[in-house]
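Okay, structure first, notes after.
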Amino acid sequence: QVQLVESGGGLVQAGGSLRLSCAASGLTFSRFAMGWFRQAPGKEREFAATISTSGGSTSYADSVKGRFTISRDNAKNTVYLQMNSLKPEDTAVYYCAADSISDIRLRLGVTPRHFAYWGQGTQVTVSS
């Protein structure tokens, strides 16, 4: 059974940083592309970042590009999202996702429907 467990969320002031982690189990981690999505109250879940199986290819939403960095450690079955220069509009529940997605598909762009496996989410709140 695939399990994804996020951690690292919390309350931070604007301009601050947080590092989210997602620990995966029940899957061959190195064979799965990983993604971070977020969902603010009253809004649809949206793409934030993805990373290929090897970690050699990453993609970001325009809204987070230059501030967020996605990375993975295949030895630890963990994916990370380093979030810097946080803004109040980054406030959302952040979800980790996994699926067997090709590098080409990642480069073309993904939506939540491309991912079969999801974590329970971790709340990030940025105060102004």
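In the structure tokens, chains take the letters A, B, ... in the order shown, each chain's residues start at 1, and ligands count up from 1 in the order shown.
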
Return as a list of chain:residue names the full set of residues in chain A whose backbone-based DSSP assignment is helix (DSSP H, G or I).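 Listing helix (DSSP H, G or I) positions across chain A yields A:Phe29, A:Ser30, A:Arg31, A:Pro88, A:Glu89, A:Asp90, A:Asp103, A:Ile104, A:Arg105, A:Leu106, A:Arg107, A:Leu108, A:Pro112, A:Arg113, A:His114.
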
Got time to write the residues from that selection, N, CA, C and O atoms, as an mmCIF file, in the first residue's frame?
data_model
loop_
_atom_site.group_PDB
_atom_site.id
_atom_site.type_symbol
_atom_site.label_atom_id
_atom_site.label_comp_id
_atom_site.auth_asym_id
_atom_site.auth_seq_id
_atom_site.Cartn_x
_atom_site.Cartn_y
_atom_site.Cartn_z
ATOM 1 N N PHE A 29 10.354 3.954 -4.987
ATOM 2 C CA PHE A 29 10.375 5.421 -5.033
ATOM 3 C C PHE A 29 11.116 5.949 -6.252
ATOM 4 O O PHE A 29 10.667 6.894 -6.896
ATOM 5 N N SER A 30 12.245 5.347 -6.562
ATOM 6 C CA SER A 30 13.087 5.863 -7.647
ATOM 7 C C SER A 30 12.432 5.730 -9.014
ATOM 8 O O SER A 30 12.940 6.300 -9.990
ATOM 9 N N ARG A 31 11.340 5.021 -9.118
ATOM 10 C CA ARG A 31 10.639 4.847 -10.387
ATOM 11 C C ARG A 31 9.435 5.771 -10.526
ATOM 12 O O ARG A 31 8.729 5.725 -11.532
ATOM 13 N N PRO A 88 1.932 35.889 1.655
ATOM 14 C CA PRO A 88 0.621 35.483 2.177
ATOM 15 C C PRO A 88 -0.179 34.648 1.179
ATOM 16 O O PRO A 88 -0.918 33.734 1.588
ATOM 17 N N GLU A 89 -0.013 34.921 -0.100
ATOM 18 C CA GLU A 89 -0.745 34.156 -1.113
ATOM 19 C C GLU A 89 -0.236 32.723 -1.278
ATOM 20 O O GLU A 89 -0.837 31.933 -2.006
ATOM 21 N N ASP A 90 0.848 32.375 -0.593
ATOM 22 C CA ASP A 90 1.311 30.986 -0.582
ATOM 23 C C ASP A 90 0.563 30.153 0.459
ATOM 24 O O ASP A 90 0.752 28.935 0.520
ATOM 25 N N ASP A 103 9.209 11.813 -18.303
ATOM 26 C CA ASP A 103 9.841 13.134 -18.280
ATOM 27 C C ASP A 103 9.187 14.059 -19.297
ATOM 28 O O ASP A 103 9.061 15.268 -19.069
ATOM 29 N N ILE A 104 8.789 13.492 -20.433
ATOM 30 C CA ILE A 104 8.139 14.311 -21.466
ATOM 31 C C ILE A 104 6.842 14.888 -20.926
ATOM 32 O O ILE A 104 6.546 16.074 -21.093
ATOM 33 N N ARG A 105 6.059 14.073 -20.262
ATOM 34 C CA ARG A 105 4.796 14.545 -19.696
ATOM 35 C C ARG A 105 5.062 15.624 -18.640
ATOM 36 O O ARG A 105 4.339 16.630 -18.580
ATOM 37 N N LEU A 106 6.070 15.425 -17.840
ATOM 38 C CA LEU A 106 6.378 16.440 -16.826
ATOM 39 C C LEU A 106 6.719 17.773 -17.476
ATOM 40 O O LEU A 106 6.294 18.835 -17.007
ATOM 41 N N ARG A 107 7.481 17.721 -18.564
ATOM 42 C CA ARG A 107 7.872 18.958 -19.240
ATOM 43 C C ARG A 107 6.669 19.630 -19.895
ATOM 44 O O ARG A 107 6.600 20.857 -19.980
ATOM 45 N N LEU A 108 5.716 18.847 -20.354
ATOM 46 C CA LEU A 108 4.523 19.419 -20.996
ATOM 47 C C LEU A 108 3.586 20.047 -19.966
ATOM 48 O O LEU A 108 2.770 20.912 -20.309
ATOM 49 N N PRO A 112 -3.489 17.726 -11.267
ATOM 50 C CA PRO A 112 -3.702 16.695 -10.251
ATOM 51 C C PRO A 112 -4.164 15.352 -10.825
ATOM 52 O O PRO A 112 -3.831 14.294 -10.270
ATOM 53 N N ARG A 113 -4.856 15.360 -11.937
ATOM 54 C CA ARG A 113 -5.395 14.105 -12.467
ATOM 55 C C ARG A 113 -4.290 13.169 -12.976
ATOM 56 O O ARG A 113 -4.542 11.988 -13.197
ATOM 57 N N HIS A 114 -3.086 13.696 -13.148
ATOM 58 C CA HIS A 114 -1.983 12.855 -13.612
ATOM 59 C C HIS A 114 -1.378 12.022 -12.488
ATOM 60 O O HIS A 114 -0.552 11.153 -12.741
#

Spatial neighbours of Gly26 in chain A, 8 Å, only C-alpha atoms, chain gap at least 4 places, as a list in words: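 Answer for this query is Gln1, Val2 and Gln3 of chain A.
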
Written file, previous selection with N, CA and C atoms, as a PDB file, in the first residue's frame:
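Listed below is the output, result.pdb:
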ATOM      1  N   GLN A   1       0.843  -1.193   0.000  1.00  0.00           N
ATOM      2  CA  GLN A   1       0.000   0.000   0.000  1.00  0.00           C
ATOM      3  C   GLN A   1       0.878   1.243   0.000  1.00  0.00           C
ATOM      4  N   VAL A   2       0.621   2.115  -0.965  1.00  0.00           N
ATOM      5  CA  VAL A   2       1.409   3.329  -1.080  1.00  0.00           C
ATOM      6  C   VAL A   2       0.989   4.324  -0.003  1.00  0.00           C
ATOM      7  N   GLN A   3       1.974   4.869   0.672  1.00  0.00           N
ATOM      8  CA  GLN A   3       1.717   5.924   1.655  1.00  0.00           C
ATOM      9  C   GLN A   3       2.663   7.082   1.421  1.00  0.00           C
TER      10      GLN A   3
END

Please identify the strand (DSSP E) residues within chain A (assignment by DSSP from backbone atoms) and present them as number ranges by chain. A: 3-7, 10-13, 18-25, 33-39, 46-51, 58-60, 68-73, 78-83, 92-99, 117-118, 122-127
